[in-house]
Amino acid sequence: MPPCRTEYDGGFDAVIGNPPYVDIKALPPKLVAGLFKYYDTTENRINLYSIFIEKARSIVKDKGFVSFINPNSILVNSSYKKIRTLLMSEMTKIIKLPDNVFVDAKVETIIFEYRKNYSTEIVDVIVYPKSEIINFVDNLRINQIDKKIWKEDKNNNYNIFLSVEHIRLLEKIKKQSTNELGDISDFSLGITPYDKYQGHSEETIKNREFHSLTKIDETYKPLIIGENIVRYNVTNKTSEYIKYGNWLGSMRSERFFTEPRIIVRQIVSGKPPRIYAGLATESLYFTQIGFAIIPKDNSTLKFVLTLLNSKLLTYFHKYSYLDIEKDLFQKILIANCKQLPIKEILQEAQQPFIEKANQMLGLNKNLQQKKNKFINRVKDNLFATMGHVPLSKKLNSFYDFYRYYNKTSGKSILQPTKQK
C-alpha cells in the first residue's frame, strides 16, 4: 500500500493510461480505509480513478507528463475538489470527448494532461459535441481558458464550457447576492433504505424488506417518487410505504419529512430542463430521488421556493455545475444547491414573490386534480374494454399536446378545450 520507488530512480518521463472506473462504495471497507489513509486527495464518495491520478503524480519525475482518459465527473463533482486543487496549476490540456468512446461502457469521458511541479495560468481545452465521431484530436480546435475563474471558485471546479459572456453574467449574479442558500437553510438528503456497510444482508437488500405496498403498521410511512415533485407542488399520491426507523441505512432527521419544507427533485427535468422544487406540508417520505430544504427563518419558505423555480437559478446551476452537452439525467446535487446565490431582502419586499408562489401553488393543484381525473377516466375506459393495460408515462403530460401540435405542424394552436 505505501508508495514505493525502488524499481526506478528519479521518476518516469511520462505516465499515460486508462484508470479503473470503480465507485468506492463497491470496494471492501478494509481496502477503502487503507486508501483513505495513504492517499491525500481521498474524500467523500470518490471513484478509484482519482487515486490512480494521485499515484501517477507520485511516480512521474518533475516536469514529467501524466495523461489519462477519464470520466468527466472529475471536472465539477464535489468529491474531487482535493485532486482538482492539487493539479490546478499543473493542468495543461483537457479534451472533452464525444459520447460512445467505449463500445461496452456508457461513460462521458475526457482526456487530461498535466505536468508535475509545472505552473501555467492557461489551459488548452477542446470540447467535442457529444454526437461527433473522431479518430484523432484536432489541435486547431483548441480554446485557451484562463484558470483564474477556476481558482476563484469555491470548489475549484474545472468549468470548460463557459464563454466570456457566461462568466461575466455568473460573476454579476454572485456579486448581487448576499448569501448562499446553505447559509440560510437546513438541508437533508433522502432516506437510504439499505446499506451493506450498515449491516444489511444481500437478502434484505434484494427483497426490499423495509418496503411495502400497504401500510402494515404506524412505522410504515407514505413514500413518494420523483414524479411526485413538480414545480411548486409535491403531490401526495403514493403506491408504496417504507418502514421508517433506525434499522434503515440512513433514516435522516424526521422533520425533513413532516414539517413544511421544499423538496427538490434530483433529476433536472422538463423541456427545457430546469430545477423542480415543490412545497410539501404533509408527511411524505422519500429516498435518494431528491433532498429537502427548510429555511432557518420559516417566513422565507415561499420566497425560496419561487427563487428555486426561477429561470435565473436554473441558468446559474446549469452553467456553473452541469455538462451542457448532456441532455438526459442531469442532476442537481445537494452540495451545489447549497451554493446557489441568494439575495436576502426585507419581508415586505418578499411579498410579490410569495404572492406569485401562492398563485402557482393554486394553479398547479388545480392542474394535478384535472390531470388525475382525466387519467383515471382513460384507465377506466381502457380497463372496461381491454382489461389491465399499462399506461405510458407520457400520458402524465398530455396537457402539453396542444403546444407540441402547434410547434410541429406550423398550423394554428389547437386549444385544449377542442382536444378529443
# chains A, B, ... in the order shown; residues from 1 in each chain; ligands from 1

$ residues_around --residues "A:Asp99" --least-positions-apart "2" --cutoff "10 Å" --atoms "only C-alpha atoms" --output "list in words"
Lys96, Leu97, Val101, Phe102, Val103, Lys106, Val107, Glu108, Thr109, Tyr128, Pro129, Lys130, Ser131, Glu132, Ile133, Glu325 and Lys326 of chain A

$ residues_around --residues "A:Leu284" --least-positions-apart "5" --cutoff "10 Å" --atoms "only C-alpha atoms" --output "VMD selection string"
chain A and resid 221 to 224 234 to 238 241 256 to 259

$ write_last_selection --atoms "N, CA and C atoms" --output "compact mmCIF listing (two decimals), in the first residue's frame"
# COMPACT_ATOMS: atom_id res chain seq x y z
N LYS A 221 -44.48 4.50 6.46
CA LYS A 221 -44.78 5.88 6.05
C LYS A 221 -44.94 5.96 4.52
N PRO A 222 -45.81 6.87 4.04
CA PRO A 222 -46.01 7.01 2.59
C PRO A 222 -44.74 7.46 1.89
N LEU A 223 -44.41 6.78 0.79
CA LEU A 223 -43.15 7.00 0.09
C LEU A 223 -43.43 7.57 -1.31
N ILE A 224 -42.95 8.78 -1.55
CA ILE A 224 -43.15 9.39 -2.86
C ILE A 224 -41.98 9.04 -3.78
N VAL A 234 -45.80 19.28 -4.37
CA VAL A 234 -45.47 17.87 -4.20
C VAL A 234 -46.79 17.13 -4.06
N THR A 235 -47.09 16.26 -5.01
CA THR A 235 -48.36 15.54 -4.97
C THR A 235 -48.29 14.40 -3.97
N ASN A 236 -49.43 14.04 -3.39
CA ASN A 236 -49.43 13.07 -2.29
C ASN A 236 -49.88 11.67 -2.70
N LYS A 237 -50.01 11.42 -4.00
CA LYS A 237 -50.41 10.09 -4.44
C LYS A 237 -49.22 9.15 -4.37
N THR A 238 -49.32 8.08 -3.59
CA THR A 238 -48.22 7.14 -3.41
C THR A 238 -48.70 5.71 -3.65
N TYR A 241 -45.02 2.15 0.70
CA TYR A 241 -44.72 2.63 2.05
C TYR A 241 -43.33 2.13 2.43
N PHE A 256 -37.55 16.58 8.27
CA PHE A 256 -37.46 16.85 6.84
C PHE A 256 -38.49 16.07 6.03
N PHE A 257 -39.30 15.24 6.71
CA PHE A 257 -40.38 14.52 6.05
C PHE A 257 -41.76 14.92 6.58
N THR A 258 -41.77 15.77 7.60
CA THR A 258 -43.05 16.10 8.24
C THR A 258 -43.33 17.60 8.31
N GLU A 259 -42.30 18.42 8.50
CA GLU A 259 -42.51 19.87 8.64
C GLU A 259 -42.67 20.52 7.26

$ select_by_dssp --residues "stretch 195-301 of chain A" --states "helix (DSSP H, G or I)" --output "PyMOL selection string"
chain A and resi 196-198+202-207+226-228+255-258+298-301

$ write_last_selection --atoms "C-alpha atoms" --output "mmCIF file, in the first residue's frame"
data_model
loop_
_atom_site.group_PDB
_atom_site.id
_atom_site.type_symbol
_atom_site.label_atom_id
_atom_site.label_comp_id
_atom_site.auth_asym_id
_atom_site.auth_seq_id
_atom_site.Cartn_x
_atom_site.Cartn_y
_atom_site.Cartn_z
ATOM 1 C CA LYS A 196 -24.400 -3.239 3.272
ATOM 2 C CA TYR A 197 -21.951 -1.102 5.266
ATOM 3 C CA GLN A 198 -24.680 -0.715 7.914
ATOM 4 C CA GLU A 202 -27.838 -9.249 0.483
ATOM 5 C CA GLU A 203 -31.194 -10.950 1.090
ATOM 6 C CA THR A 204 -32.595 -7.904 2.919
ATOM 7 C CA ILE A 205 -31.474 -5.597 0.122
ATOM 8 C CA LYS A 206 -32.681 -7.878 -2.684
ATOM 9 C CA ASN A 207 -36.107 -8.440 -1.091
ATOM 10 C CA GLY A 226 -39.502 11.684 -8.328
ATOM 11 C CA GLU A 227 -42.679 12.206 -10.363
ATOM 12 C CA ASN A 228 -44.451 13.481 -7.240
ATOM 13 C CA ARG A 255 -38.562 16.798 10.485
ATOM 14 C CA PHE A 256 -37.455 16.850 6.839
ATOM 15 C CA PHE A 257 -40.380 14.520 6.050
ATOM 16 C CA THR A 258 -43.051 16.105 8.235
ATOM 17 C CA ASN A 298 -39.701 29.837 8.116
ATOM 18 C CA SER A 299 -41.233 33.059 6.767
ATOM 19 C CA THR A 300 -38.905 32.824 3.751
ATOM 20 C CA LEU A 301 -40.177 29.363 2.684
#

$ closest_residue --among "A:Phe286, A:Tyr118, A:Phe316, A:Tyr80" --to "A:Glu43" --atoms "only C-alpha atoms"
A:Tyr80

$ residues_around --residues "A:Val137" --least-positions-apart "2" --cutoff "10 Å" --atoms "only C-alpha atoms" --output "MDAnalysis selection string"
chainID A and resid 95 97 126 128 134:135 139:142

$ select_by_dssp --residues "stretch 161-392 of chain A" --states "strand (DSSP E)" --output "PyMOL selection string"
chain A and resi 179-180+185-189+211-212+220-223+232-233+240-243+261-265+277-280+290-295+341-342

$ write_last_selection --atoms "C-alpha atoms" --output "JSON list (two decimals), in the first residue's frame"
[["chain", "number", "residue", "atom", "x", "y", "z"],
["A", 179, "ASN", "CA", -25.73, 34.68, 0.87],
["A", 180, "GLU", "CA", -25.54, 31.16, -0.40],
["A", 185, "SER", "CA", -31.37, 26.95, 5.16],
["A", 186, "ASP", "CA", -31.08, 23.46, 6.61],
["A", 187, "PHE", "CA", -30.71, 20.60, 4.11],
["A", 188, "SER", "CA", -31.21, 16.86, 4.21],
["A", 189, "LEU", "CA", -30.74, 14.06, 1.71],
["A", 211, "HIS", "CA", -40.78, -1.55, 1.56],
["A", 212, "SER", "CA", -44.46, -2.46, 1.39],
["A", 220, "TYR", "CA", -44.81, 2.44, 7.67],
["A", 221, "LYS", "CA", -44.78, 5.88, 6.05],
["A", 222, "PRO", "CA", -46.01, 7.01, 2.59],
["A", 223, "LEU", "CA", -43.15, 7.00, 0.09],
["A", 232, "TYR", "CA", -44.12, 24.47, -6.75],
["A", 233, "ASN", "CA", -46.02, 21.34, -5.59],
["A", 240, "GLU", "CA", -45.55, 2.31, -1.63],
["A", 241, "TYR", "CA", -44.72, 2.63, 2.05],
["A", 242, "ILE", "CA", -41.40, 2.43, 3.87],
["A", 243, "LYS", "CA", -40.82, 1.10, 7.38],
["A", 261, "ARG", "CA", -40.39, 22.16, 3.51],
["A", 262, "ILE", "CA", -39.19, 22.37, -0.06],
["A", 263, "ILE", "CA", -38.35, 19.10, -1.80],
["A", 264, "VAL", "CA", -36.04, 19.35, -4.81],
["A", 265, "ARG", "CA", -36.17, 16.61, -7.44],
["A", 277, "ALA", "CA", -38.78, 22.35, -6.41],
["A", 278, "GLY", "CA", -42.09, 21.70, -4.68],
["A", 279, "LEU", "CA", -43.65, 22.77, -1.38],
["A", 280, "ALA", "CA", -44.66, 19.91, 0.92],
["A", 290, "GLY", "CA", -34.37, 14.31, -4.03],
["A", 291, "PHE", "CA", -33.48, 16.36, -0.98],
["A", 292, "ALA", "CA", -35.32, 18.64, 1.44],
["A", 293, "ILE", "CA", -34.76, 22.28, 2.38],
["A", 294, "ILE", "CA", -36.12, 24.09, 5.43],
["A", 295, "PRO", "CA", -35.19, 27.80, 5.60],
["A", 341, "PRO", "CA", -26.64, 32.60, -4.64],
["A", 342, "ILE", "CA", -29.49, 34.19, -2.70]]

$ atom_distance --atom1 "atom CA of A:Asn366" --atom2 "atom CA of A:Ser283"
20.7 Å

$ residues_around --residues "A:Tyr49" --least-positions-apart "6" --cutoff "9 Å" --atoms "only C-alpha atoms" --output "ChimeraX atom specification"
/A:18-23,70-71
